[in-house]
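Q: The file below is my_file00.csv, CSV, C-alpha atoms:
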```
chain,number,residue,atom,x,y,z
A,1,MET,CA,-43.5,5.4,-54.5
A,2,ASN,CA,-40.0,4.2,-55.4
A,3,LEU,CA,-39.0,2.5,-58.6
A,4,TRP,CA,-35.7,0.9,-59.5
A,5,GLU,CA,-33.9,-1.1,-62.1
A,6,ILE,CA,-30.5,-2.5,-61.3
A,7,PHE,CA,-28.2,-4.8,-63.4
A,8,PHE,CA,-26.0,-7.3,-61.6
A,9,PHE,CA,-23.0,-8.8,-63.4
A,10,PHE,CA,-22.0,-11.8,-61.4
A,11,LEU,CA,-24.8,-12.6,-59.0
A,12,LEU,CA,-27.1,-15.6,-59.3
A,13,ILE,CA,-30.8,-14.8,-59.1
A,14,ASP,CA,-31.1,-15.4,-55.3
A,15,LEU,CA,-31.6,-11.7,-54.7
A,16,GLY,CA,-34.2,-10.2,-52.4
A,17,LEU,CA,-35.3,-6.7,-51.3
A,18,ASP,CA,-35.4,-5.8,-47.6
A,19,ILE,CA,-37.3,-2.6,-46.5
A,20,GLN,CA,-36.8,-0.9,-43.1
A,21,ASP,CA,-37.8,2.5,-41.7
A,22,GLU,CA,-37.8,4.4,-38.4
A,23,MET,CA,-41.5,3.5,-37.9
A,24,GLY,CA,-40.4,0.0,-37.1
A,25,ARG,CA,-41.4,-1.7,-40.4
A,26,HIS,CA,-38.9,-4.3,-41.5
A,27,GLU,CA,-39.8,-6.6,-44.3
A,28,VAL,CA,-37.2,-9.2,-45.5
A,29,GLY,CA,-37.5,-10.7,-49.0
A,30,PHE,CA,-40.1,-8.2,-50.3
A,31,GLN,CA,-41.8,-9.8,-53.3
A,32,GLU,CA,-44.7,-7.6,-54.4
A,33,ASN,CA,-44.2,-5.6,-57.6
A,34,THR,CA,-40.6,-7.0,-58.0
A,35,ARG,CA,-39.2,-8.9,-61.0
A,36,LYS,CA,-35.9,-10.5,-61.7
A,37,GLU,CA,-34.7,-11.5,-65.2
A,38,GLU,CA,-31.8,-14.0,-65.4
A,39,LEU,CA,-28.9,-13.1,-67.7
A,40,ASN,CA,-25.9,-15.0,-69.0
A,41,ASN,CA,-27.2,-18.4,-68.0
A,42,GLY,CA,-27.7,-17.4,-64.4
A,43,ALA,CA,-24.4,-15.5,-64.0
A,44,GLY,CA,-26.2,-12.2,-63.6
A,45,CYS,CA,-29.6,-10.7,-63.5
A,46,VAL,CA,-31.7,-7.5,-63.9
A,47,PHE,CA,-33.7,-6.6,-60.8
A,48,PHE,CA,-36.8,-4.4,-61.3
A,49,GLY,CA,-39.4,-3.2,-58.8
A,50,GLN,CA,-41.5,-0.6,-57.1
A,51,PHE,CA,-42.8,-0.1,-53.6
A,52,LYS,CA,-44.2,2.5,-51.3
A,53,ILE,CA,-42.1,4.0,-48.5
A,54,ASN,CA,-43.2,6.1,-45.5
A,55,LYS,CA,-42.1,9.7,-45.4
A,56,VAL,CA,-39.6,9.1,-42.6
A,57,PRO,CA,-35.9,8.2,-42.7
A,58,GLY,CA,-35.2,4.5,-43.6
A,59,ASN,CA,-33.5,2.2,-46.0
A,60,PHE,CA,-34.1,-0.4,-48.5
A,61,HIS,CA,-31.3,-2.9,-49.4
A,62,ILE,CA,-30.7,-5.6,-51.9
A,63,SER,CA,-29.2,-8.8,-50.6
A,64,THR,CA,-29.4,-12.6,-50.4
A,65,HIS,CA,-30.5,-12.5,-46.7
A,66,GLY,CA,-33.8,-14.1,-47.6
A,67,ALA,CA,-32.3,-16.9,-49.7
A,68,GLY,CA,-32.6,-20.5,-48.5
A,69,GLU,CA,-29.0,-21.1,-49.5
A,70,GLN,CA,-26.3,-18.5,-50.0
A,71,PRO,CA,-24.7,-18.6,-53.4
A,72,ASP,CA,-21.0,-19.2,-53.8
A,73,ASN,CA,-18.6,-16.3,-54.7
A,74,LEU,CA,-21.2,-13.7,-53.9
A,75,ASN,CA,-20.5,-10.5,-55.8
A,76,MET,CA,-22.6,-7.3,-55.7
A,77,ALA,CA,-21.0,-5.6,-58.7
A,78,HIS,CA,-23.8,-3.7,-60.4
A,79,ILE,CA,-25.0,-0.9,-62.6
A,80,VAL,CA,-27.9,1.3,-61.5
A,81,ASN,CA,-30.1,1.7,-64.6
A,82,SER,CA,-32.6,3.8,-62.8
A,83,ILE,CA,-33.9,4.8,-59.3
A,84,THR,CA,-36.8,7.3,-59.1
A,85,PHE,CA,-39.1,8.5,-56.4
A,86,GLY,CA,-42.7,9.7,-57.0
A,87,THR,CA,-44.5,10.4,-60.2
A,88,GLU,CA,-42.3,10.3,-63.3
A,89,ILE,CA,-41.9,13.7,-65.1
A,90,LYS,CA,-41.6,13.4,-68.8
A,91,GLU,CA,-40.9,17.0,-69.4
A,92,LYS,CA,-37.3,18.0,-69.8
A,93,ILE,CA,-36.6,20.2,-66.8
A,94,PRO,CA,-33.4,20.8,-64.8
A,95,GLY,CA,-33.1,18.7,-61.7
A,96,ALA,CA,-31.9,15.4,-60.2
A,97,PHE,CA,-34.9,13.1,-60.7
A,98,VAL,CA,-32.8,10.2,-61.9
A,99,ALA,CA,-29.5,11.1,-60.3
A,100,LEU,CA,-28.2,7.6,-60.1
A,101,LYS,CA,-28.9,6.7,-63.7
A,102,GLY,CA,-26.0,4.8,-65.2
A,103,ARG,CA,-24.1,4.5,-62.0
A,104,ASP,CA,-21.5,1.8,-62.7
A,105,LYS,CA,-19.9,-0.2,-59.9
A,106,ALA,CA,-18.7,-3.2,-62.0
A,107,ASP,CA,-15.1,-3.0,-61.0
A,108,THR,CA,-15.3,-2.9,-57.2
A,109,ASN,CA,-14.0,-5.5,-54.7
A,110,SER,CA,-16.2,-8.6,-55.0
A,111,LEU,CA,-16.5,-8.7,-51.2
A,112,SER,CA,-17.7,-5.1,-50.9
A,113,SER,CA,-21.0,-3.8,-49.7
A,114,HIS,CA,-22.3,-0.7,-51.4
A,115,ASP,CA,-23.8,2.2,-49.4
A,116,TYR,CA,-25.8,4.9,-51.1
A,117,VAL,CA,-27.1,7.8,-48.9
A,118,LEU,CA,-30.0,9.7,-50.6
A,119,LYS,CA,-31.4,13.1,-49.7
A,120,ILE,CA,-34.9,13.2,-51.2
A,121,VAL,CA,-36.3,16.6,-52.0
A,122,PRO,CA,-40.1,17.0,-52.5
A,123,THR,CA,-40.8,18.7,-55.8
A,124,ILE,CA,-43.9,20.3,-57.4
A,125,TYR,CA,-44.1,20.8,-61.2
A,126,GLU,CA,-46.9,23.1,-62.2
A,127,LYS,CA,-47.9,22.9,-65.9
A,128,LEU,CA,-49.2,25.6,-68.2
A,129,ASP,CA,-52.8,24.4,-67.7
A,130,GLY,CA,-52.5,24.8,-63.9
A,131,THR,CA,-52.3,21.1,-63.0
A,132,SER,CA,-49.5,20.1,-60.7
A,133,ILE,CA,-47.3,17.0,-60.5
A,134,PHE,CA,-46.0,16.0,-57.0
A,135,THR,CA,-42.8,14.1,-57.2
A,136,TYR,CA,-39.3,13.9,-55.7
A,137,GLN,CA,-35.7,14.5,-56.8
A,138,TYR,CA,-32.6,13.5,-54.9
A,139,THR,CA,-28.9,13.9,-54.3
A,140,TRP,CA,-26.6,11.1,-53.2
A,141,ALA,CA,-23.3,10.1,-51.7
A,142,TYR,CA,-21.6,6.7,-51.9
A,143,LYS,CA,-19.0,4.5,-50.3
A,144,ASP,CA,-18.1,0.9,-50.5
A,145,TYR,CA,-16.6,-1.3,-47.8
A,146,VAL,CA,-16.0,-4.8,-46.6
A,147,ALA,CA,-18.2,-5.4,-43.5
A,148,TYR,CA,-17.1,-7.5,-40.5
A,149,GLY,CA,-19.1,-8.5,-37.4
A,150,HIS,CA,-18.3,-10.6,-34.3
A,151,GLY,CA,-18.7,-13.8,-36.3
A,152,GLY,CA,-16.4,-12.6,-39.2
A,153,ARG,CA,-17.1,-11.1,-42.6
A,154,ILE,CA,-20.7,-10.1,-43.2
A,155,LEU,CA,-22.4,-10.9,-46.5
A,156,PRO,CA,-22.2,-8.0,-48.9
A,157,ALA,CA,-25.4,-6.0,-49.8
A,158,ILE,CA,-26.4,-2.8,-51.6
A,159,TRP,CA,-27.9,-0.2,-49.2
A,160,PHE,CA,-30.0,2.8,-50.1
A,161,ARG,CA,-30.4,4.9,-47.0
A,162,TYR,CA,-32.8,7.8,-47.5
A,163,ASP,CA,-34.0,10.9,-45.7
A,164,LEU,CA,-36.5,13.6,-46.8
A,165,SER,CA,-35.6,17.2,-47.0
A,166,PRO,CA,-37.9,19.7,-45.2
A,167,ILE,CA,-37.6,22.0,-48.2
A,168,THR,CA,-39.9,21.7,-51.3
A,169,VAL,CA,-38.8,22.8,-54.7
A,170,LYS,CA,-41.4,24.1,-57.2
A,171,TYR,CA,-41.1,24.5,-60.9
A,172,VAL,CA,-43.7,26.6,-62.8
A,173,GLU,CA,-44.0,26.2,-66.6
A,174,ARG,CA,-44.6,29.6,-68.3
A,175,ARG,CA,-44.9,30.8,-71.8
A,176,LYS,CA,-42.2,33.2,-72.9
A,177,PRO,CA,-43.7,36.7,-73.0
A,178,LEU,CA,-44.2,38.7,-76.3
A,179,TYR,CA,-41.5,41.2,-75.4
A,180,HIS,CA,-39.0,38.3,-75.3
A,181,PHE,CA,-39.9,37.4,-78.9
A,182,ILE,CA,-39.6,41.1,-80.0
A,183,THR,CA,-36.3,41.5,-78.2
A,184,THR,CA,-34.9,38.4,-79.9
A,185,VAL,CA,-36.1,39.5,-83.4
A,186,CYS,CA,-34.6,43.0,-82.8
A,187,ALA,CA,-31.3,41.4,-81.7
A,188,ILE,CA,-31.2,39.2,-84.9
A,189,VAL,CA,-32.1,42.1,-87.2
A,190,GLY,CA,-29.6,44.4,-85.5
A,191,GLY,CA,-26.8,41.8,-85.7
A,192,THR,CA,-27.6,41.2,-89.4
A,193,PHE,CA,-27.3,45.0,-90.2
A,194,THR,CA,-24.1,45.2,-88.2
A,195,VAL,CA,-22.5,42.3,-90.1
A,196,ALA,CA,-23.8,43.7,-93.4
A,197,GLY,CA,-22.2,47.1,-92.5
A,198,ILE,CA,-18.9,45.6,-91.7
A,199,LEU,CA,-18.9,43.6,-95.0
A,200,ASP,CA,-19.9,46.6,-97.0
A,201,SER,CA,-17.1,48.7,-95.4
A,202,MET,CA,-14.5,45.9,-96.1
A,203,ILE,CA,-15.7,45.6,-99.8
A,204,PHE,CA,-15.6,49.4,-100.3
A,205,THR,CA,-12.1,49.7,-98.8
A,206,ALA,CA,-10.8,46.8,-100.9
A,207,SER,CA,-12.4,48.4,-104.0
A,208,GLU,CA,-10.8,51.8,-103.3
A,209,LEU,CA,-7.4,50.1,-102.9
A,210,PHE,CA,-7.8,48.2,-106.1
A,211,LYS,CA,-8.7,51.4,-108.0
A,212,LYS,CA,-5.7,53.2,-106.6
A,213,ALA,CA,-3.4,50.4,-107.6
A,214,GLN,CA,-4.8,50.5,-111.2
A,215,LEU,CA,-4.3,54.3,-111.4
A,216,GLY,CA,-0.7,53.8,-110.2
A,217,LYS,CA,-0.1,51.4,-113.0
A,218,LEU,CA,-1.6,53.6,-115.6
A,219,SER,CA,0.6,56.6,-114.6
```
For this file, produce the structure as structure tokens.

A:
Amino acid sequence: MNLWEIFFFFLLIDLGLDIQDEMGRHEVGFQENTRKEELNNGAGCVFFGQFKINKVPGNFHISTHGAGEQPDNLNMAHIVNSITFGTEIKEKIPGAFVALKGRDKADTNSLSSHDYVLKIVPTIYEKLDGTSIFTYQYTWAYKDYVAYGHGGRILPAIWFRYDLSPITVKYVERRKPLYHFITTVCAIVGGTFTVAGILDSMIFTASELFKKAQLGKLS
């Protein structure tokens, strides 16, 4: 399962989602479970959606290919609010589950297409109660370019090309053992005594110097 939320600055709401994979599936203008919200009187929009992908290399891309009429001054400037794969993990654990969150491409060439290459890593998160969550994290690379074909310039689009890693990462949630707590307490107590000893030594030395100074004045 893939979920995304992308904010477009300058584009009218004629966007569509195309899905393609190596199994031969190619769907243009995918509509199921997608939603677009117009912003700034039609000058921009937020595009939300989710869909299932096969576990084979492929791509999904956002474009105006399915629009009945192409908008003037097409501009794919955008911010990726969120792109995730699999079940959402609410626990705070290290990883790249929302690696593209906040990716800002607002200042690129208005004629540019945007190409994201994603390496998706299967991930298992095992909770304390023994239940497991199966999800995915991902790494990414990016480039933008102005595309040309035999007939001239090609309409810009945003491409997300993905491939799955053969390696699975597993996180196991564990309680900290008792000895870790004891070691921490001992370290705190030991540090407290050390600091107290240093302060006591400094106070004693200062007191002795003060007494000697007083004796010197009396003599």

Q: Please determine, counting all atoms listed in the file, which residue among A:Pro156, A:Gly191, A:Gly16, A:Gly197 has the shortest atom-to-atom distance to Ala77 (chain A).

A: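 Among the listed residues, the smallest separation from Ala77 (chain A) belongs to A:Pro156.
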
Q: Tell me which of A:Asp14, A:Asp163, A:Glu32, A:Glu173 sits closest to Pro122 (chain A), counting all atoms listed in the file.

A: A:Asp163

Q: Pick the closest to Thr139 (chain A) from A:His180, A:Lys101, A:His26, A:Lys52: which is it, counting only C-alpha atoms?

A: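 Ranked by minimum distance to Thr139 (chain A), first place goes to A:Lys101.
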
Q: A:His150, A:Arg174, A:Lys105, A:Lys36: which is nearest Gly130 (chain A), counting all atoms listed in the file?

A: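 Among the listed residues, the smallest separation from Gly130 (chain A) belongs to A:Arg174.
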
Q: Which residue gives the smallest distance to Thr123 (chain A) among A:Tyr145, A:Phe60, A:Tyr171, A:Phe181, with all atoms listed in the file counted?

A: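 Under the stated criterion, the closest residue is A:Tyr171.
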
Q: Within 7 Å of Phe97 (chain A), counting all atoms listed in the file, which residues show up once you throw out same-chain ones fewer than 4 positions away? Write them as a ChimeraX atom specification, please.

A: /A:84,136-138

Q: I want to know what sits within 9 Å of Thr135 (chain A), based on all atoms listed in the file, with residues of the same chain fewer than 3 positions away left out; could you give that as a PyMOL selection string?

A: chain A and resi 85-89+97+121-125

Q: Which residue, A:Asn40, A:Ile93, A:Glu22, A:Thr34, has the smallest gap to Asn54 (chain A) when you use only C-alpha atoms?

A: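 For Asn54 (chain A), the nearest of the given residues is A:Glu22.
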
Q: Can you spit out region 94-142 of chain A with N, CA and C atoms, as an mmCIF file, in the first residue's frame, from the structure just given?

A:
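Printed below is decode_12.cif as written:
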```
data_model
loop_
_atom_site.group_PDB
_atom_site.id
_atom_site.type_symbol
_atom_site.label_atom_id
_atom_site.label_comp_id
_atom_site.auth_asym_id
_atom_site.auth_seq_id
_atom_site.Cartn_x
_atom_site.Cartn_y
_atom_site.Cartn_z
ATOM 1 N N PRO A 94 14.224 4.669 14.738
ATOM 2 C CA PRO A 94 15.072 5.169 13.655
ATOM 3 C C PRO A 94 14.689 4.525 12.337
ATOM 4 N N GLY A 95 14.922 5.233 11.264
ATOM 5 C CA GLY A 95 14.582 4.677 9.962
ATOM 6 C C GLY A 95 14.148 5.756 9.000
ATOM 7 N N ALA A 96 13.788 5.332 7.795
ATOM 8 C CA ALA A 96 13.418 6.272 6.738
ATOM 9 C C ALA A 96 12.030 5.930 6.220
ATOM 10 N N PHE A 97 11.056 5.934 7.116
ATOM 11 C CA PHE A 97 9.692 5.569 6.742
ATOM 12 C C PHE A 97 8.982 6.697 5.994
ATOM 13 N N VAL A 98 9.401 7.936 6.239
ATOM 14 C CA VAL A 98 8.824 9.092 5.527
ATOM 15 C C VAL A 98 9.993 9.929 5.007
ATOM 16 N N ALA A 99 10.851 9.293 4.223
ATOM 17 C CA ALA A 99 12.115 9.913 3.821
ATOM 18 C C ALA A 99 11.924 11.187 3.001
ATOM 19 N N LEU A 100 10.848 11.279 2.247
ATOM 20 C CA LEU A 100 10.631 12.447 1.386
ATOM 21 C C LEU A 100 9.788 13.536 2.047
ATOM 22 N N LYS A 101 9.468 13.379 3.292
ATOM 23 C CA LYS A 101 8.613 14.352 3.987
ATOM 24 C C LYS A 101 9.228 15.748 3.928
ATOM 25 N N GLY A 102 8.448 16.712 3.428
ATOM 26 C CA GLY A 102 8.905 18.099 3.374
ATOM 27 C C GLY A 102 9.817 18.419 2.206
ATOM 28 N N ARG A 103 9.990 17.498 1.267
ATOM 29 C CA ARG A 103 10.855 17.751 0.112
ATOM 30 C C ARG A 103 10.277 18.901 -0.715
ATOM 31 N N ASP A 104 11.034 19.988 -0.827
ATOM 32 C CA ASP A 104 10.542 21.228 -1.433
ATOM 33 C C ASP A 104 11.204 21.452 -2.791
ATOM 34 N N LYS A 105 10.409 21.419 -3.852
ATOM 35 C CA LYS A 105 10.905 21.706 -5.199
ATOM 36 C C LYS A 105 10.091 22.847 -5.805
ATOM 37 N N ALA A 106 9.961 23.918 -5.030
ATOM 38 C CA ALA A 106 9.153 25.061 -5.460
ATOM 39 C C ALA A 106 9.895 25.969 -6.428
ATOM 40 N N ASP A 107 11.228 25.935 -6.416
ATOM 41 C CA ASP A 107 11.996 26.912 -7.177
ATOM 42 C C ASP A 107 12.665 26.331 -8.419
ATOM 43 N N THR A 108 12.221 25.181 -8.886
ATOM 44 C CA THR A 108 12.833 24.581 -10.065
ATOM 45 C C THR A 108 12.272 25.194 -11.346
ATOM 46 N N ASN A 109 12.913 24.879 -12.456
ATOM 47 C CA ASN A 109 12.473 25.334 -13.774
ATOM 48 C C ASN A 109 11.025 24.899 -14.005
ATOM 49 N N SER A 110 10.188 25.796 -14.439
ATOM 50 C CA SER A 110 8.767 25.480 -14.623
ATOM 51 C C SER A 110 8.540 24.422 -15.700
ATOM 52 N N LEU A 111 9.515 24.218 -16.586
ATOM 53 C CA LEU A 111 9.380 23.224 -17.653
ATOM 54 C C LEU A 111 9.904 21.850 -17.242
ATOM 55 N N SER A 112 10.444 21.745 -16.039
ATOM 56 C CA SER A 112 11.136 20.523 -15.626
ATOM 57 C C SER A 112 10.191 19.399 -15.239
ATOM 58 N N SER A 113 10.607 18.179 -15.587
ATOM 59 C CA SER A 113 10.040 16.977 -14.991
ATOM 60 C C SER A 113 10.888 16.622 -13.776
ATOM 61 N N HIS A 114 10.294 15.914 -12.835
ATOM 62 C CA HIS A 114 10.976 15.555 -11.591
ATOM 63 C C HIS A 114 11.003 14.036 -11.472
ATOM 64 N N ASP A 115 12.180 13.507 -11.236
ATOM 65 C CA ASP A 115 12.362 12.053 -11.236
ATOM 66 C C ASP A 115 12.910 11.612 -9.881
ATOM 67 N N TYR A 116 12.090 10.890 -9.116
ATOM 68 C CA TYR A 116 12.510 10.320 -7.838
ATOM 69 C C TYR A 116 12.709 8.815 -8.019
ATOM 70 N N VAL A 117 13.865 8.320 -7.603
ATOM 71 C CA VAL A 117 14.155 6.886 -7.655
ATOM 72 C C VAL A 117 14.163 6.367 -6.222
ATOM 73 N N LEU A 118 13.264 5.432 -5.920
ATOM 74 C CA LEU A 118 13.067 4.955 -4.553
ATOM 75 C C LEU A 118 13.514 3.507 -4.428
ATOM 76 N N LYS A 119 14.307 3.226 -3.403
ATOM 77 C CA LYS A 119 14.674 1.851 -3.054
ATOM 78 C C LYS A 119 13.893 1.484 -1.803
ATOM 79 N N ILE A 120 12.928 0.584 -1.956
ATOM 80 C CA ILE A 120 12.014 0.246 -0.864
ATOM 81 C C ILE A 120 12.551 -0.959 -0.099
ATOM 82 N N VAL A 121 12.630 -0.830 1.218
ATOM 83 C CA VAL A 121 13.212 -1.872 2.069
ATOM 84 C C VAL A 121 12.119 -2.475 2.953
ATOM 85 N N PRO A 122 11.784 -3.752 2.778
ATOM 86 C CA PRO A 122 10.812 -4.394 3.675
ATOM 87 C C PRO A 122 11.294 -4.330 5.119
ATOM 88 N N THR A 123 10.383 -4.023 6.027
ATOM 89 C CA THR A 123 10.744 -3.817 7.431
ATOM 90 C C THR A 123 9.721 -4.486 8.339
ATOM 91 N N ILE A 124 10.226 -5.142 9.387
ATOM 92 C CA ILE A 124 9.368 -5.767 10.399
ATOM 93 C C ILE A 124 9.637 -5.082 11.730
ATOM 94 N N TYR A 125 8.577 -4.682 12.399
ATOM 95 C CA TYR A 125 8.699 -4.081 13.731
ATOM 96 C C TYR A 125 7.966 -4.973 14.724
ATOM 97 N N GLU A 126 8.725 -5.605 15.626
ATOM 98 C CA GLU A 126 8.147 -6.520 16.613
ATOM 99 C C GLU A 126 7.968 -5.799 17.941
ATOM 100 N N LYS A 127 6.735 -5.743 18.426
ATOM 101 C CA LYS A 127 6.421 -5.044 19.666
ATOM 102 C C LYS A 127 6.733 -5.901 20.887
ATOM 103 N N LEU A 128 6.614 -5.276 22.064
ATOM 104 C CA LEU A 128 6.870 -5.988 23.319
ATOM 105 C C LEU A 128 5.929 -7.167 23.514
ATOM 106 N N ASP A 129 4.687 -7.028 23.043
ATOM 107 C CA ASP A 129 3.708 -8.102 23.235
ATOM 108 C C ASP A 129 3.854 -9.229 22.215
ATOM 109 N N GLY A 130 4.863 -9.126 21.358
ATOM 110 C CA GLY A 130 5.123 -10.182 20.388
ATOM 111 C C GLY A 130 4.461 -9.993 19.042
ATOM 112 N N THR A 131 3.541 -9.044 18.925
ATOM 113 C CA THR A 131 2.905 -8.784 17.633
ATOM 114 C C THR A 131 3.874 -8.043 16.709
ATOM 115 N N SER A 132 3.718 -8.267 15.424
ATOM 116 C CA SER A 132 4.628 -7.676 14.442
ATOM 117 C C SER A 132 3.870 -6.803 13.453
ATOM 118 N N ILE A 133 4.500 -5.722 13.054
ATOM 119 C CA ILE A 133 3.978 -4.844 12.010
ATOM 120 C C ILE A 133 4.883 -5.000 10.791
ATOM 121 N N PHE A 134 4.278 -5.293 9.644
ATOM 122 C CA PHE A 134 5.035 -5.434 8.408
ATOM 123 C C PHE A 134 4.857 -4.157 7.587
ATOM 124 N N THR A 135 5.943 -3.480 7.336
ATOM 125 C CA THR A 135 5.874 -2.195 6.639
ATOM 126 C C THR A 135 7.104 -2.037 5.756
ATOM 127 N N TYR A 136 7.342 -0.808 5.291
ATOM 128 C CA TYR A 136 8.461 -0.553 4.390
ATOM 129 C C TYR A 136 9.050 0.824 4.691
ATOM 130 N N GLN A 137 10.363 0.923 4.594
ATOM 131 C CA GLN A 137 11.015 2.222 4.579
ATOM 132 C C GLN A 137 11.735 2.346 3.236
ATOM 133 N N TYR A 138 12.281 3.516 2.947
ATOM 134 C CA TYR A 138 12.878 3.679 1.621
ATOM 135 C C TYR A 138 13.950 4.759 1.622
ATOM 136 N N THR A 139 14.870 4.623 0.693
ATOM 137 C CA THR A 139 15.847 5.666 0.396
ATOM 138 C C THR A 139 15.510 6.229 -0.987
ATOM 139 N N TRP A 140 16.086 7.358 -1.319
ATOM 140 C CA TRP A 140 15.714 7.985 -2.584
ATOM 141 C C TRP A 140 16.869 8.771 -3.192
ATOM 142 N N ALA A 141 16.790 8.948 -4.507
ATOM 143 C CA ALA A 141 17.670 9.840 -5.259
ATOM 144 C C ALA A 141 16.772 10.679 -6.167
ATOM 145 N N TYR A 142 17.287 11.822 -6.609
ATOM 146 C CA TYR A 142 16.424 12.765 -7.342
ATOM 147 C C TYR A 142 17.202 13.457 -8.455
#
```
